[in-house]
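Colleague: My structure is below; once you've seen it, I'll send some questions.
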Amino acid sequence: MRYPDFFIAGNSKSGTTALYYFLAQHSRICMSNPKEPNFFATDFQHEEGVGAFNARTPEDYQQCFSGGREDQIWGEASACYLYSKTAAANIYARNPAAKIIILFREPVSFLYSYYLQMLQNPASEGETVKDFTTALSLESKRKRGHCLPDGCLVPQLLYYRERVNYAKQLLRFTKHFGSDQLQVYLYEDFKASNESVYYDILEFLSLSPDSSSPKFERHNPSVKVKYKSAQNFAYNLSHGHGWYAPVHATVKTVVPQPVRRFLMRSIYQTLAFEPKPELSDAVRQELKHQFKPHVERFSEVLGQDLVARWGYEHI
């Protein structure tokens with residue numbers, strides 16, 4: 001049974017999503033379908049219902065690469081592998097020669113973006129508290145099983161402060177994979193030059209560029225939920241959940257895929273979501289003060305002065 005040759009992980013959802021789509025355009029690369037199988041994050045998986053963290057068998061996982069050729073390099077982009085406590089060891093057990101690509105983002109910017117992403121997710125794998133600082137304050141209670149969204153299947157996703165322990169997350173991978181198998185990028189570098197990081201990754205994967213460059217477009221920007229009912233409608237219809245299943249099947253049969261994508265995108269953009277609000281300077285500074293020890297430790301592990309680069313030196 002074949003397993004992927006490389007994995008993309010990270011705490012920048014937009015970054016890992018963009019890398020997935022950029023690399024998927026290369027003729028020698030087969031990326032998984034869906035984008036985030038989450039197969040190796042066994043500590044987040046559940047047996048109930050259907051969702052992003054629904055447990056898969058190895059045979060199910062192989063189907064994610066059903067379109068792949070033997071002469072292609074296979075890859076996937078499950079962002080959560082970074083903060084899963086089991087993923088690094090599980091990947092190594094299945095493919096010790098795998099290469100790992102990781103994106104890290106400045107902690108406060110990441111955490112706020114991550115929180116907004118959780119608000120977009122269904123309650124079973126997401127957030128329902130509408131205030132950022134309140135959601136952060138509930139972490140200790142949630143670890144005791146309290147104040148969780150109704151139907152929550154993966155409470156670990158709401159342990160926000162654990163997400164910024166970057167040194168611990170990186171060390172889980174360095175424990176198993178050598179420096180020649182690990183490539184770490186900072187989100188701001190990737191954002192500043194998608195192209196240079198893309199070609200650097202091709203070299204890391206021992207691939208030559210294709211005759212044409214990929215389309216470097218923005219993917220998965222942070223937004224705020226505008227109307228939850230509209231979001232739920234769009235999500236359930238597009239995935240065929242519950243009583244939407246027959247409607248989903250009919251629409252899929254009679255409406256061409258480009259038209260379906262355009263209509264769903266319009267619903268999301270006009271009814272479900274709106275541009276994210278800015279985080280206040282006071283909250284940002286307070287969180288930087290709290291997270292500074294993590295940034296200092298991560299700087300030591302990574303060998304870069306991120307205290308200065310991320311603006312923590314005068315906190």
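Residues are referred to by chain and number: the chain letter is A, B, ... according to the order shown in the structure tokens, the number counts from 1 in that chain, and ligands are numbered separately from 1 in the order shown.
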Give me the range 3-76 of chain A side of the contact with range 170-183 of chain A, cut-off 12 Å, one line per residue showing its nearest atom pair and distance in Å at one decimal, counting only C-alpha atoms, sorted by chain and residue number, as CSV.
Modeller:
```
residue,atom,partner,partner_atom,distance
A:Asp5,CA,A:Gln181,CA,10.5
A:Phe6,CA,A:Gln181,CA,9.1
A:Phe7,CA,A:Leu182,CA,9.9
A:Ile8,CA,A:Gln183,CA,9.7
A:Ala9,CA,A:Leu170,CA,10.5
A:Gly10,CA,A:Leu170,CA,9.9
A:Asn11,CA,A:Leu170,CA,11.6
```
Colleague: Store the residues picked out above in a file with N, CA and C atoms, as a PDB file, in the first residue's frame.
Modeller:
```
ATOM      1  N   ASP A   5       4.266  10.932  -0.498  1.00  0.00           N
ATOM      2  CA  ASP A   5       5.701  11.233  -0.456  1.00  0.00           C
ATOM      3  C   ASP A   5       5.988  12.499   0.329  1.00  0.00           C
ATOM      4  N   PHE A   6       4.980  13.386   0.421  1.00  0.00           N
ATOM      5  CA  PHE A   6       5.189  14.609   1.196  1.00  0.00           C
ATOM      6  C   PHE A   6       3.879  15.081   1.803  1.00  0.00           C
ATOM      7  N   PHE A   7       4.040  15.888   2.851  1.00  0.00           N
ATOM      8  CA  PHE A   7       2.891  16.398   3.606  1.00  0.00           C
ATOM      9  C   PHE A   7       3.087  17.888   3.873  1.00  0.00           C
ATOM     10  N   ILE A   8       1.994  18.637   3.740  1.00  0.00           N
ATOM     11  CA  ILE A   8       1.986  20.055   4.087  1.00  0.00           C
ATOM     12  C   ILE A   8       1.192  20.216   5.374  1.00  0.00           C
ATOM     13  N   ALA A   9       1.789  20.859   6.366  1.00  0.00           N
ATOM     14  CA  ALA A   9       1.106  21.143   7.630  1.00  0.00           C
ATOM     15  C   ALA A   9       1.352  22.603   7.963  1.00  0.00           C
ATOM     16  N   GLY A  10       0.632  23.127   8.935  1.00  0.00           N
ATOM     17  CA  GLY A  10       0.892  24.515   9.310  1.00  0.00           C
ATOM     18  C   GLY A  10      -0.280  25.160  10.001  1.00  0.00           C
ATOM     19  N   ASN A  11      -0.034  26.338  10.540  1.00  0.00           N
ATOM     20  CA  ASN A  11      -1.095  27.058  11.231  1.00  0.00           C
ATOM     21  C   ASN A  11      -1.632  28.218  10.412  1.00  0.00           C
TER      22      ASN A  11
END
```
Colleague: Excluding Arg105 in chain A and its own-chain neighbours fewer than 3 positions away, which residues fall within 6 Å of it when counting only C-alpha atoms? Please give them as a list of chain:residue names.
Modeller: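 Here the qualifying residues turn out to be A:Phe110, A:Leu186, A:Tyr187.
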Colleague: Using C-alpha atoms, can you export the residues from the last selection as a compact mmCIF listing (two decimals), in the first residue's frame?
Modeller:
```txt
# COMPACT_ATOMS: atom_id res chain seq x y z
CA PHE A 110 -2.71 33.13 13.42
CA LEU A 186 7.20 31.67 7.72
CA TYR A 187 3.81 32.75 6.46
```
Colleague: Nearest to Gln169 in chain A: which of A:Ser211, A:Thr86, A:Ser206, A:Thr17 is it, counting only C-alpha atoms?
Modeller: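 Of A:Ser211, A:Thr86, A:Ser206, A:Thr17, the one nearest Gln169 in chain A, counting only C-alpha atoms, is A:Thr86.
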Colleague: Select, from A:Lys252, A:Lys85, A:Lys215, A:Arg163, the residue with the minimum atom-to-atom distance to Tyr20 in chain A, counting only C-alpha atoms.
Modeller: A:Lys215
Colleague: With distances taken over only C-alpha atoms, which of A:Phe22, A:Tyr198, A:Trp310, A:Tyr3 is nearest to Ala97 in chain A?
Modeller: A:Tyr3
Colleague: Extract the full set of strand (DSSP E) residues from range 117-220 of chain A according to DSSP on the backbone, and format it as number ranges by chain.
Modeller: A: 182-186
Colleague: Between CA of Ser12 in chain A and CA of Pro58 in chain A, what distance in Å does the model show, to one decimal?
Modeller: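 Value for the CA of Ser12 in chain A-CA of Pro58 in chain A distance: 27.0 Å.
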Colleague: Name the residues of range 151-231 of chain A that come out as alpha helix (DSSP H) in a backbone DSSP run; write them as a PyMOL selection string.
Modeller: chain A and resi 166-174+187-192+194-204+228-231
Colleague: Which residue gives the smallest distance to Val307 in chain A among A:Arg142, A:Lys292, A:Arg56, A:Lys99, with only C-alpha atoms counted?
Modeller: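 Nearest candidate to Val307 in chain A out of A:Arg142, A:Lys292, A:Arg56, A:Lys99: A:Lys292.
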Colleague: Provide the CA of Glu36 in chain A to CA of Leu138 in chain A distance in Å, to one decimal place.
Modeller: 27.3 Å
